[in-house]
Amino acid sequence: MPPLSVLDLSFVNAGASAGQALQDSLALARHVDGLGYTRYWLAEHHALPSVASPAPEIMVGQIAAATRHIRVGSGGIMLPNHAPLMVAERFKMLEALFPGRIDLGLGRAPGTDGITAQALRRREVPRGGDDFLDRLQELLLWDTGEFPEGHPFRAVTVMPAGVPLPPVFLLGSSDYSANLSGRLGMGFAFAQHFAGIDAAGPMLDYRRLFRPSRWAGRPHAILAVAAICAETDVEAERLAMSARLSTLRRERGDYAPLPSLAEAEAYPYSEMERARIDRGAARLHVGGPETLRAKLSALAQATQADEIMIVSAIHDQAARRRSYELLAEAWGLPRAEG
């Protein structure tokens with residue numbers, strides 16, 4: 001069985017504040033720290049009322065300081081929004097403060113709408129609209145120091161000096177990042193929780209194309225999935241109603257906070273809306289401990305995932321923490337000591 005990890009989007013719950021969502025993230029991280037989960041990653045989103053954190057690097061530091069065992073990282077830093085030197089500085093600082101516990105996941109999407117992306121970047125859009133490769137190359141050169149002779153950046157010292165970048169993973173929901181991370185010899189994480197294609201293709205392509213590099217000697221493919229666990233299948237399906245209604249709204253461009261269970265139960269679904277929920281059901285894995293264990297085990301086998309990363313949109317925070325606990329027990333994760 002591959003290891004399990006946590007992906008946290010810092011969901012804002014209906015009836016609660018964005019500040020409370022950040023506190024909920026800290027509480028969840030403390031809870032799972034001793035349950036045997038391998039990583040705790042934080043996402044980057046901007047100007048979405050449903051997601052509280054636009055700055056994963058800040059949350060990474062806060063959560064690493066509040067935990068003892070689990071690796072903490074970005075899932076991810078949206079590189080086109082940031083100067084590569086700033087990313088190098090911030091994650092070298094995190095690595096220096098928490099050596100051996102930090103990951104750097106990188107994405108190429110803006111994590112927001114077009115207007116907000118323009119406000120974040122405030123620069124001319126590159127020809128073709130995508131300079132991710134240029135930024136990635138620069139970020140890696142800040143780590144290696146191998147800028148060409150005569151390049152002005154050769155004179156810049158990245159502080160803290162002598163600290164490497166943490167392990168780098170490229171994130172994606174298509175075959176682009178799968179192919180790129182394989183050819184560059186980096187880790188890869190596939191976002192099955194919102195991808196429009198089956199995960200097996202990109203996951204297997206990544207493994208087939210992987211070439212050992214200074215960044216990684218062997219492939220490591222993480223499959224990020226949406227999952228909700230409860231004591232029984234019936235209760236898990238009930239808890240999932242909030243997530244299903246939220247997904248339905250997002251497809252209409254409504255990024256309101258995660259609805260309460262009472263609101264989801266009372267919502268008057270049309271036949272068309274129920275059909276849309278049914279079509280997207282495969283992206284949300286729901287069940288009691290044994291049911292969910294069987295579903296995720298089959299998915300891991302089909303995709304040859306080295307690791308499964310769980311994101312759980314559950315309005316009730318006690319139920320959310322219990323979901324991760326039940327899954328850890330069913331998966332047989334070894335609890336951390338001390």
# chains A, B, ... in the order shown; residues from 1 in each chain; ligands from 1
>>> residues_around(residues="Ala195 of chain A", least_positions_apart="3", cutoff="8 Å", atoms="only C-alpha atoms", output="ChimeraX atom specification")
/A:173-174,191-192,198-199
>>> residues_around(residues="segment 134-142 of chain A", least_positions_apart="3", cutoff="12 Å", atoms="only C-alpha atoms", output="PyMOL selection string")
chain A and resi 77-92+104-108+126+130-131+145-148+151+153-170+177+180-181+184+186+214-215
>>> residues_around(residues="Ala336 of chain A", least_positions_apart="5", cutoff="7 Å", atoms="only C-alpha atoms", output="list of chain:residue names")
A:Gly34, A:Leu35, A:Gly36
>>> write_last_selection(atoms="C-alpha atoms", output="PDB file, in the first residue's frame")
ATOM      1  CA  GLY A  34       0.944  11.635  14.469  1.00  0.00           C
ATOM      2  CA  LEU A  35      -1.397   9.528  12.322  1.00  0.00           C
ATOM      3  CA  GLY A  36       1.260   8.321   9.898  1.00  0.00           C
TER       4      GLY A  36
END
>>> residues_around(residues="Ala65 of chain A", least_positions_apart="2", cutoff="12 Å", atoms="only C-alpha atoms", output="list of chain:residue names")
A:Leu26, A:Ala29, A:Arg30, A:Asp33, A:Ile58, A:Met59, A:Val60, A:Gly61, A:Gln62, A:Ile63, A:Thr67, A:Arg68, A:His69, A:Ile70, A:Arg71, A:Val72, A:Leu94, A:Leu97, A:Phe98, A:Pro99, A:Arg101, A:Ile102
>>> residues_around(residues="Gly253 of chain A", least_positions_apart="3", cutoff="12 Å", atoms="only C-alpha atoms", output="ChimeraX atom specification")
/A:48-50,112-113,246-250,256
>>> write_last_selection(atoms="all heavy atoms", output="CSV table (one decimal), in the first residue's frame")
chain,number,residue,atom,x,y,z
A,48,LEU,N,-10.7,33.9,-4.3
A,48,LEU,CA,-11.8,33.0,-4.2
A,48,LEU,C,-12.3,33.0,-2.8
A,48,LEU,O,-11.6,32.6,-1.9
A,48,LEU,CB,-11.3,31.5,-4.6
A,48,LEU,CG,-10.7,31.3,-6.0
A,48,LEU,CD1,-10.3,29.9,-6.2
A,48,LEU,CD2,-11.7,31.8,-7.1
A,49,PRO,N,-13.6,33.3,-2.7
A,49,PRO,CA,-14.2,33.4,-1.3
A,49,PRO,C,-14.2,32.0,-0.6
A,49,PRO,O,-14.4,31.9,0.6
A,49,PRO,CB,-15.6,33.9,-1.6
A,49,PRO,CG,-15.6,34.6,-2.9
A,49,PRO,CD,-14.5,33.9,-3.7
A,50,SER,N,-14.0,30.9,-1.4
A,50,SER,CA,-14.1,29.6,-0.8
A,50,SER,C,-12.8,29.1,-0.3
A,50,SER,O,-12.7,28.0,0.3
A,50,SER,CB,-14.6,28.6,-1.9
A,50,SER,OG,-13.8,28.6,-3.0
A,112,THR,N,-6.4,31.4,-10.2
A,112,THR,CA,-7.4,32.4,-10.1
A,112,THR,C,-7.9,32.8,-11.5
A,112,THR,O,-7.6,32.1,-12.4
A,112,THR,CB,-6.7,33.7,-9.4
A,112,THR,OG1,-7.8,34.6,-9.1
A,112,THR,CG2,-5.7,34.3,-10.3
A,113,ASP,N,-8.7,33.9,-11.5
A,113,ASP,CA,-9.2,34.3,-12.8
A,113,ASP,C,-8.2,35.2,-13.5
A,113,ASP,O,-7.2,35.6,-13.0
A,113,ASP,CB,-10.5,35.1,-12.5
A,113,ASP,CG,-10.3,36.3,-11.6
A,113,ASP,OD1,-10.3,36.2,-10.4
A,113,ASP,OD2,-10.0,37.4,-12.2
A,246,SER,N,-21.0,22.2,-3.5
A,246,SER,CA,-19.9,23.2,-3.8
A,246,SER,C,-19.4,23.0,-5.2
A,246,SER,O,-19.1,24.0,-5.9
A,246,SER,CB,-18.8,23.0,-2.8
A,246,SER,OG,-17.8,24.0,-3.0
A,247,THR,N,-19.1,21.7,-5.6
A,247,THR,CA,-18.6,21.5,-7.0
A,247,THR,C,-19.6,21.9,-8.0
A,247,THR,O,-19.2,22.5,-9.0
A,247,THR,CB,-18.3,20.0,-7.1
A,247,THR,OG1,-17.3,19.6,-6.2
A,247,THR,CG2,-17.9,19.7,-8.5
A,248,LEU,N,-20.9,21.7,-7.8
A,248,LEU,CA,-21.9,22.1,-8.7
A,248,LEU,C,-21.9,23.6,-8.9
A,248,LEU,O,-22.0,24.2,-10.0
A,248,LEU,CB,-23.3,21.6,-8.2
A,248,LEU,CG,-24.5,21.9,-9.1
A,248,LEU,CD1,-24.4,21.1,-10.4
A,248,LEU,CD2,-25.8,21.6,-8.3
A,249,ARG,N,-21.8,24.3,-7.8
A,249,ARG,CA,-21.7,25.8,-7.8
A,249,ARG,C,-20.5,26.3,-8.5
A,249,ARG,O,-20.5,27.3,-9.3
A,249,ARG,CB,-21.8,26.4,-6.4
A,249,ARG,CG,-23.2,26.2,-5.8
A,249,ARG,CD,-23.2,26.6,-4.3
A,249,ARG,NE,-24.6,26.7,-3.8
A,249,ARG,CZ,-24.8,26.9,-2.5
A,249,ARG,NH1,-23.9,27.0,-1.6
A,249,ARG,NH2,-26.1,27.0,-2.1
A,250,ARG,N,-19.3,25.7,-8.3
A,250,ARG,CA,-18.1,26.1,-8.9
A,250,ARG,C,-18.2,25.9,-10.4
A,250,ARG,O,-17.6,26.8,-11.2
A,250,ARG,CB,-16.9,25.3,-8.4
A,250,ARG,CG,-16.5,25.7,-7.0
A,250,ARG,CD,-15.0,25.2,-6.7
A,250,ARG,NE,-14.8,23.8,-7.1
A,250,ARG,CZ,-15.0,22.8,-6.2
A,250,ARG,NH1,-15.5,23.0,-5.0
A,250,ARG,NH2,-14.7,21.6,-6.6
A,256,ALA,N,-18.6,30.4,-3.7
A,256,ALA,CA,-19.0,30.7,-2.4
A,256,ALA,C,-18.4,29.7,-1.4
A,256,ALA,O,-17.9,28.6,-1.8
A,256,ALA,CB,-20.6,30.6,-2.3
>>> residues_around(residues="segment 263-273 of chain A", least_positions_apart="4", cutoff="9 Å", atoms="only C-alpha atoms", output="MDAnalysis selection string")
chainID A and resid 238 241:246 248 259 277:278
>>> select_by_dssp(residues="segment 219-282 of chain A", states="strand (DSSP E)", output="PyMOL selection string")
chain A and resi 221-229
>>> select_by_dssp(residues="segment 120-164 of chain A", states="alpha helix (DSSP H)", output="NGL selection string")
:A and (120-121 or 132-144)
>>> atom_distance(atom1="atom CA of Phe210 of chain A", atom2="atom CA of Met309 of chain A")
20.8 Å
>>> decode(residues="segment 137-154 of chain A", atoms="N, CA and C atoms", output="PDB file, in the first residue's frame")
ATOM      1  N   GLN A 137      13.361  27.088 -15.341  1.00  0.00           N
ATOM      2  CA  GLN A 137      14.799  27.001 -15.586  1.00  0.00           C
ATOM      3  C   GLN A 137      15.547  27.989 -14.694  1.00  0.00           C
ATOM      4  N   GLU A 138      15.034  29.210 -14.582  1.00  0.00           N
ATOM      5  CA  GLU A 138      15.704  30.201 -13.741  1.00  0.00           C
ATOM      6  C   GLU A 138      15.713  29.768 -12.282  1.00  0.00           C
ATOM      7  N   LEU A 139      14.584  29.242 -11.800  1.00  0.00           N
ATOM      8  CA  LEU A 139      14.515  28.784 -10.411  1.00  0.00           C
ATOM      9  C   LEU A 139      15.576  27.711 -10.142  1.00  0.00           C
ATOM     10  N   LEU A 140      15.713  26.762 -11.052  1.00  0.00           N
ATOM     11  CA  LEU A 140      16.695  25.697 -10.867  1.00  0.00           C
ATOM     12  C   LEU A 140      18.120  26.236 -10.925  1.00  0.00           C
ATOM     13  N   LEU A 141      18.357  27.248 -11.751  1.00  0.00           N
ATOM     14  CA  LEU A 141      19.681  27.849 -11.822  1.00  0.00           C
ATOM     15  C   LEU A 141      20.021  28.617 -10.550  1.00  0.00           C
ATOM     16  N   TRP A 142      18.989  29.182  -9.884  1.00  0.00           N
ATOM     17  CA  TRP A 142      19.261  29.825  -8.602  1.00  0.00           C
ATOM     18  C   TRP A 142      19.735  28.795  -7.578  1.00  0.00           C
ATOM     19  N   ASP A 143      19.331  27.555  -7.757  1.00  0.00           N
ATOM     20  CA  ASP A 143      19.759  26.505  -6.838  1.00  0.00           C
ATOM     21  C   ASP A 143      21.157  26.001  -7.189  1.00  0.00           C
ATOM     22  N   THR A 144      21.415  25.793  -8.471  1.00  0.00           N
ATOM     23  CA  THR A 144      22.706  25.219  -8.879  1.00  0.00           C
ATOM     24  C   THR A 144      23.803  26.270  -9.013  1.00  0.00           C
ATOM     25  N   GLY A 145      23.413  27.528  -9.254  1.00  0.00           N
ATOM     26  CA  GLY A 145      24.402  28.578  -9.491  1.00  0.00           C
ATOM     27  C   GLY A 145      25.077  28.484 -10.841  1.00  0.00           C
ATOM     28  N   GLU A 146      24.482  27.725 -11.775  1.00  0.00           N
ATOM     29  CA  GLU A 146      25.140  27.476 -13.049  1.00  0.00           C
ATOM     30  C   GLU A 146      24.656  28.407 -14.165  1.00  0.00           C
ATOM     31  N   PHE A 147      24.449  29.679 -13.835  1.00  0.00           N
ATOM     32  CA  PHE A 147      24.153  30.648 -14.889  1.00  0.00           C
ATOM     33  C   PHE A 147      25.354  30.743 -15.831  1.00  0.00           C
ATOM     34  N   PRO A 148      25.132  30.977 -17.126  1.00  0.00           N
ATOM     35  CA  PRO A 148      26.250  31.015 -18.086  1.00  0.00           C
ATOM     36  C   PRO A 148      27.245  32.134 -17.773  1.00  0.00           C
ATOM     37  N   GLU A 149      28.453  31.969 -18.271  1.00  0.00           N
ATOM     38  CA  GLU A 149      29.460  33.027 -18.149  1.00  0.00           C
ATOM     39  C   GLU A 149      28.907  34.325 -18.726  1.00  0.00           C
ATOM     40  N   GLY A 150      29.110  35.417 -17.999  1.00  0.00           N
ATOM     41  CA  GLY A 150      28.647  36.714 -18.453  1.00  0.00           C
ATOM     42  C   GLY A 150      27.225  37.046 -18.077  1.00  0.00           C
ATOM     43  N   HIS A 151      26.471  36.065 -17.527  1.00  0.00           N
ATOM     44  CA  HIS A 151      25.090  36.353 -17.124  1.00  0.00           C
ATOM     45  C   HIS A 151      25.121  37.200 -15.857  1.00  0.00           C
ATOM     46  N   PRO A 152      24.332  38.286 -15.821  1.00  0.00           N
ATOM     47  CA  PRO A 152      24.391  39.171 -14.644  1.00  0.00           C
ATOM     48  C   PRO A 152      23.984  38.486 -13.344  1.00  0.00           C
ATOM     49  N   PHE A 153      23.154  37.425 -13.423  1.00  0.00           N
ATOM     50  CA  PHE A 153      22.700  36.766 -12.200  1.00  0.00           C
ATOM     51  C   PHE A 153      23.803  35.936 -11.535  1.00  0.00           C
ATOM     52  N   ARG A 154      24.919  35.702 -12.252  1.00  0.00           N
ATOM     53  CA  ARG A 154      26.016  34.949 -11.638  1.00  0.00           C
ATOM     54  C   ARG A 154      26.574  35.662 -10.413  1.00  0.00           C
TER      55      ARG A 154
END
